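Trainee: Hey, dropping input_6.csv in here, CSV, C-alpha atoms:
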chain,number,residue,atom,x,y,z
L,13,ALA,CA,-7.1,11.2,-23.7
L,14,ALA,CA,-4.2,12.3,-21.5
L,15,ARG,CA,-2.8,10.0,-18.8
L,16,ARG,CA,-3.4,10.9,-15.2
L,17,ASN,CA,-0.3,11.3,-13.0
L,18,MET,CA,0.3,11.9,-9.4
L,19,PHE,CA,3.9,12.4,-7.9
L,20,LEU,CA,5.6,13.0,-4.7
L,21,PRO,CA,9.3,14.0,-4.6
L,22,PHE,CA,11.4,11.1,-3.3
L,23,THR,CA,15.1,10.2,-3.4
L,24,PRO,CA,16.0,6.8,-2.0
L,25,GLN,CA,18.9,6.4,0.4
L,26,ALA,CA,21.4,3.5,0.3
L,27,GLY,CA,20.9,0.7,2.9
L,28,VAL,CA,17.1,0.7,3.0
L,29,VAL,CA,14.3,-1.6,1.7
L,30,TYR,CA,11.5,0.6,0.4
L,31,GLN,CA,8.0,-0.6,-0.4
L,32,VAL,CA,5.5,1.6,-2.2
L,33,SER,CA,1.9,0.3,-2.3
L,34,VAL,CA,-1.6,1.2,-3.3
L,35,ASP,CA,-5.0,-0.4,-3.5
L,36,VAL,CA,-6.5,-0.2,-7.0
L,37,ARG,CA,-10.1,-1.0,-8.1
L,38,LEU,CA,-10.5,-2.2,-11.7
L,39,ASP,CA,-13.3,-0.6,-13.6
L,40,PRO,CA,-16.1,-3.2,-14.0
L,41,GLU,CA,-17.5,-1.4,-17.1
L,42,ASP,CA,-14.2,-1.4,-19.0
L,43,SER,CA,-12.3,-4.6,-20.1
L,44,SER,CA,-9.8,-2.7,-22.2
L,45,ASN,CA,-6.0,-2.7,-21.7
L,46,ASP,CA,-6.1,0.7,-20.0
L,47,TRP,CA,-3.9,0.6,-16.9
L,48,HIS,CA,-3.4,1.7,-13.3
L,49,ALA,CA,0.2,1.8,-12.1
L,50,ILE,CA,2.5,2.5,-9.2
L,51,GLY,CA,6.2,2.9,-9.0
L,52,PHE,CA,9.3,5.1,-8.8
L,53,GLN,CA,10.3,7.6,-11.4
L,54,ARG,CA,13.2,9.9,-12.4
L,55,ASP,CA,13.5,13.6,-12.9
L,56,MET,CA,10.7,15.3,-14.8
L,57,THR,CA,12.7,18.4,-16.1
L,58,GLY,CA,12.8,18.9,-19.9
L,59,TRP,CA,9.9,16.6,-20.7
L,60,SER,CA,7.9,17.6,-23.8
L,61,ASP,CA,4.9,15.2,-23.5
L,62,SER,CA,2.9,15.6,-20.4
L,63,ARG,CA,1.1,12.3,-21.1
L,64,ASN,CA,4.3,10.4,-20.4
L,65,PHE,CA,5.2,11.9,-17.1
L,66,ALA,CA,5.2,8.5,-15.5
L,67,PHE,CA,5.3,5.2,-17.3
L,68,GLY,CA,5.3,5.8,-21.0
L,69,ASN,CA,7.9,4.4,-23.5
L,70,ASP,CA,10.1,7.4,-23.0
L,71,PRO,CA,13.6,6.8,-21.4
L,72,GLU,CA,12.6,9.1,-18.6
L,73,GLY,CA,9.6,6.9,-17.6
L,74,GLY,CA,9.0,4.8,-14.6
L,75,TYR,CA,12.0,3.1,-13.0
L,76,PRO,CA,10.8,0.5,-11.6
L,77,TRP,CA,7.0,0.3,-12.0
L,78,LEU,CA,4.0,-2.1,-11.9
L,79,LEU,CA,0.8,-1.9,-13.9
L,80,ILE,CA,-2.5,-3.7,-13.7
L,81,ARG,CA,-4.9,-3.5,-16.6
L,82,ASN,CA,-8.7,-3.3,-16.7
L,83,ASN,CA,-8.7,-6.6,-18.5
L,84,GLY,CA,-7.1,-8.3,-15.5
L,85,ALA,CA,-3.5,-8.5,-16.8
L,86,ALA,CA,-0.4,-7.2,-15.0
L,87,LEU,CA,3.2,-6.3,-16.0
L,88,PHE,CA,6.3,-5.3,-14.1
L,89,PHE,CA,9.0,-3.1,-15.7
L,90,ALA,CA,12.4,-2.4,-14.2
L,91,GLY,CA,12.6,0.5,-16.6
L,92,PRO,CA,13.3,3.1,-17.7
L,93,GLY,CA,9.8,3.3,-19.2
L,94,THR,CA,8.8,0.0,-20.7
L,95,GLN,CA,12.3,-1.3,-20.9
L,96,ASN,CA,13.3,-4.3,-18.9
L,97,ASN,CA,9.9,-6.0,-19.0
L,98,LYS,CA,10.0,-8.5,-16.2
L,99,GLY,CA,6.7,-10.2,-17.1
L,100,GLY,CA,3.4,-10.8,-15.5
L,101,PRO,CA,0.1,-12.7,-15.9
L,102,GLY,CA,-2.3,-12.2,-18.9
L,103,SER,CA,-5.8,-10.9,-19.1
L,104,GLY,CA,-8.5,-12.3,-16.8
L,105,THR,CA,-6.0,-12.9,-13.9
L,106,PHE,CA,-7.4,-10.1,-11.6
L,107,ALA,CA,-11.1,-9.6,-11.2
L,108,SER,CA,-12.8,-6.3,-12.0
L,109,ASP,CA,-14.8,-4.3,-9.4
L,110,GLU,CA,-12.4,-5.4,-6.7
L,111,PHE,CA,-9.5,-3.8,-4.9
L,112,HIS,CA,-6.1,-5.3,-5.6
L,113,THR,CA,-3.0,-4.3,-3.6
L,114,LEU,CA,-0.1,-3.3,-5.9
L,115,MET,CA,3.4,-3.1,-4.3
L,116,VAL,CA,6.8,-2.4,-5.7
L,117,GLU,CA,9.8,-3.1,-3.5
L,118,LEU,CA,13.2,-1.4,-4.0
L,119,ASP,CA,16.1,-2.9,-2.0
L,120,THR,CA,19.0,-0.4,-1.8
L,121,THR,CA,21.0,-2.4,0.8
L,122,GLY,CA,23.6,-3.8,-1.7
L,123,ALA,CA,25.9,-2.0,-4.2
L,124,ASN,CA,23.4,-3.1,-7.0
L,125,TRP,CA,19.8,-2.3,-6.1
L,126,VAL,CA,17.2,-5.0,-6.5
L,127,THR,CA,13.5,-4.5,-7.3
L,128,SER,CA,10.5,-6.8,-7.2
L,129,ALA,CA,6.7,-6.4,-7.6
L,130,TYR,CA,3.7,-7.9,-6.0
L,131,ILE,CA,-0.1,-7.9,-6.4
L,132,ASN,CA,-2.1,-9.1,-3.4
L,133,GLY,CA,1.1,-10.5,-1.9
L,134,VAL,CA,2.0,-12.6,-4.9
L,135,GLN,CA,5.2,-11.8,-6.9
L,136,ILE,CA,4.5,-10.5,-10.5
L,137,GLY,CA,7.2,-11.3,-13.0
L,138,SER,CA,10.8,-11.7,-11.9
L,139,SER,CA,13.0,-9.6,-9.7
L,140,HIS,CA,15.6,-7.3,-11.3
L,141,THR,CA,19.1,-6.4,-10.2
L,142,TYR,CA,20.4,-3.0,-11.4
L,143,GLY,CA,24.0,-2.3,-12.2
L,144,VAL,CA,24.6,-4.4,-15.2
L,145,ASP,CA,22.3,-5.0,-18.2
L,146,ASP,CA,21.7,-8.3,-20.0
L,147,SER,CA,24.6,-7.7,-22.3
L,148,GLY,CA,27.0,-7.1,-19.4
L,149,THR,CA,27.1,-3.3,-19.9
L,150,ALA,CA,27.4,-1.3,-16.6
L,151,THR,CA,24.2,0.7,-16.1
L,152,GLY,CA,24.3,1.8,-12.5
L,153,ASN,CA,21.3,2.2,-10.1
L,154,PRO,CA,18.2,4.1,-11.3
L,155,PRO,CA,18.2,7.9,-10.8
L,156,ILE,CA,15.0,8.0,-8.8
L,157,MET,CA,13.5,11.4,-7.8
L,158,ASN,CA,9.8,10.7,-7.4
L,159,VAL,CA,7.3,8.1,-6.3
L,160,GLY,CA,3.9,8.1,-7.9
L,161,LEU,CA,0.7,6.7,-9.4
L,162,ASN,CA,-0.4,6.7,-13.0
L,163,ALA,CA,-3.6,5.8,-15.0
L,164,GLY,CA,-3.2,5.5,-18.7
L,165,GLY,CA,-5.5,5.4,-21.7
L,166,GLY,CA,-8.4,7.4,-22.9
L,167,SER,CA,-11.2,9.3,-21.1
L,168,GLY,CA,-14.4,7.8,-19.8
L,169,PHE,CA,-13.1,4.9,-17.6
L,170,ASP,CA,-13.5,4.7,-13.9
L,171,TYR,CA,-10.5,4.0,-11.7
L,172,THR,CA,-9.9,4.2,-7.9
L,173,PHE,CA,-6.7,4.5,-5.9
L,174,ASP,CA,-6.8,4.1,-2.1
L,175,ASN,CA,-4.3,3.6,0.7
L,176,PHE,CA,-1.1,4.9,-0.9
L,177,VAL,CA,1.8,4.0,1.3
L,178,LEU,CA,5.6,4.4,1.2
L,179,VAL,CA,7.5,2.4,3.8
L,180,PRO,CA,9.7,3.5,5.4
L,181,GLU,CA,8.5,7.1,5.2
L,182,PRO,CA,11.3,9.6,4.5
L,183,ALA,CA,10.4,11.4,7.7
L,184,SER,CA,10.8,8.2,9.7
L,185,LEU,CA,14.2,7.7,8.2
L,186,ALA,CA,15.2,11.3,9.2
L,187,LEU,CA,14.0,10.6,12.8
L,188,LEU,CA,15.9,7.3,12.9
L,189,GLY,CA,19.0,9.1,11.7
L,190,LEU,CA,18.6,11.9,14.4
L,191,GLY,CA,18.1,9.2,17.0
L,192,GLY,CA,21.3,7.5,16.0
L,193,LEU,CA,23.2,10.7,16.2
L,194,MET,CA,21.8,11.4,19.7
L,195,LEU,CA,22.8,8.0,20.9
L,196,MET,CA,26.3,8.5,19.5
L,197,GLY,CA,26.5,11.9,21.2
L,198,ARG,CA,25.3,10.5,24.5
L,199,ARG,CA,27.7,7.6,24.3
L,200,ARG,CA,30.7,10.0,23.8
L,201,SER,CA,29.7,12.1,26.7
L,202,ASN,CA,29.6,9.1,29.1
With the file now loaded, output its structure as structure tokens.
Mentor:
Amino acid sequence: AARRNMFLPFTPQAGVVYQVSVDVRLDPEDSSNDWHAIGFQRDMTGWSDSRNFAFGNDPEGGYPWLLIRNNGAALFFAGPGTQNNKGGPGSGTFASDEFHTLMVELDTTGANWVTSAYINGVQIGSSHTYGVDDSGTATGNPPIMNVGLNAGGGSGFDYTFDNFVLVPEPASLALLGLGGLMLMGRRRSN
């Protein structure tokens, strides 16, 4: 009955718009509220419940993340965990036995990061700006250290993830940074 989690280490840099996406096929034999999810996630050290590595109710859960349920519903959470529920459509919205593209965008170009979620190119719920909570308390930007996928619920249901993509790729950012340094060096030598 454990959840299934897959993670890649990832730390966002300021000044970049990141998009993490995956194609998910809903199980045609299961109309439960079991979910498939994608998103960003914080440090995993010190966790005691391996089933909540990603997107459980724990404060160290997903931050931000998007889920789609086998019953065709979807929800977007700014996090941590299931805090900051930004909404989404109810059951029957997304057809089973079809692939749906889930995408979470994280914009780090401003002092306060902004996140949004999309399924099949349509925004799910509302965007969220980090830095201040609804009561006006300063919260800061999320401490992201991973990007990942998660499937929740019990055993015996079929789920498929395909075409997992993070744009821009961290390696691409490093190459762009090196290119900029080379141009600066070349400019100084002229």
Trainee: Could you check which residues have any atom within 7 Å of (8.7, 6.6, -5.0), counting only C-alpha atoms with coordinates taken straight from the file, and then list them as a ChimeraX atom specification?
Mentor: /L:22,32,51-53,158-160
Trainee: Could you check which of L:Gly100, L:Gly84, L:Gly122, L:Gly91 is closest to Asp46 in chain L, using only C-alpha atoms?
Mentor: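 Residue with the minimum atom-to-atom distance to Asp46 in chain L: L:Gly84.
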Trainee: Kindly indicate which residue among L:Tyr75, L:Leu114, L:Arg16, L:Ser44 lies nearest to Gln95 in chain L, using all atoms listed in the file for the distances.
Mentor: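 When distances to Gln95 in chain L are compared using all atoms listed in the file, the smallest one comes from L:Tyr75.
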Trainee: Excluding Leu87 in chain L and residues on its chain fewer than 3 positions from it, collect all residues at most 9 Å away from it, counting all atoms listed in the file, and give them as a ChimeraX atom specification.
Mentor: /L:77-81,97-102,136-137
Trainee: Could you tell me how far CA of Asn17 in chain L lies from CA of Gly74 in chain L, in Å and to one decimal?
Mentor: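 Separating CA of Asn17 in chain L from CA of Gly74 in chain L is a distance of 11.5 Å.
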Trainee: Emit as lines of an AutoDock Vina configuration file the padded axis-aligned box for all listed atoms of range 85-97 of chain L, 3 Å per side, with centre and edge lengths in Å to one decimal.
Mentor:
center_x = 4.9
center_y = -2.6
center_z = -17.5
size_x = 22.8
size_y = 17.8
size_z = 12.8
Trainee: Using only C-alpha atoms, find the one residue out of L:Val144, L:Ala86, L:Ala107, L:Val134 that sits nearest to Trp47 in chain L.
Mentor: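 The answer is L:Ala86, which sits nearest to Trp47 in chain L.
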Trainee: Compile the contact shell of Thr172 in chain L as JSON, numbers by chain: residues with an atom at most 12 Å away, counting only C-alpha atoms, same-chain residues fewer than 3 positions apart removed.
Mentor: {"L": [16, 34, 35, 36, 37, 38, 39, 40, 47, 48, 49, 82, 108, 109, 110, 111, 112, 113, 161, 162, 163, 169, 175, 176]}
Trainee: One number please: CA of Ile156 in chain L to CA of Pro24 in chain L, in Å, one decimal.
Mentor: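 Straight-line distance from CA of Ile156 in chain L to CA of Pro24 in chain L works out to 7.0 Å.
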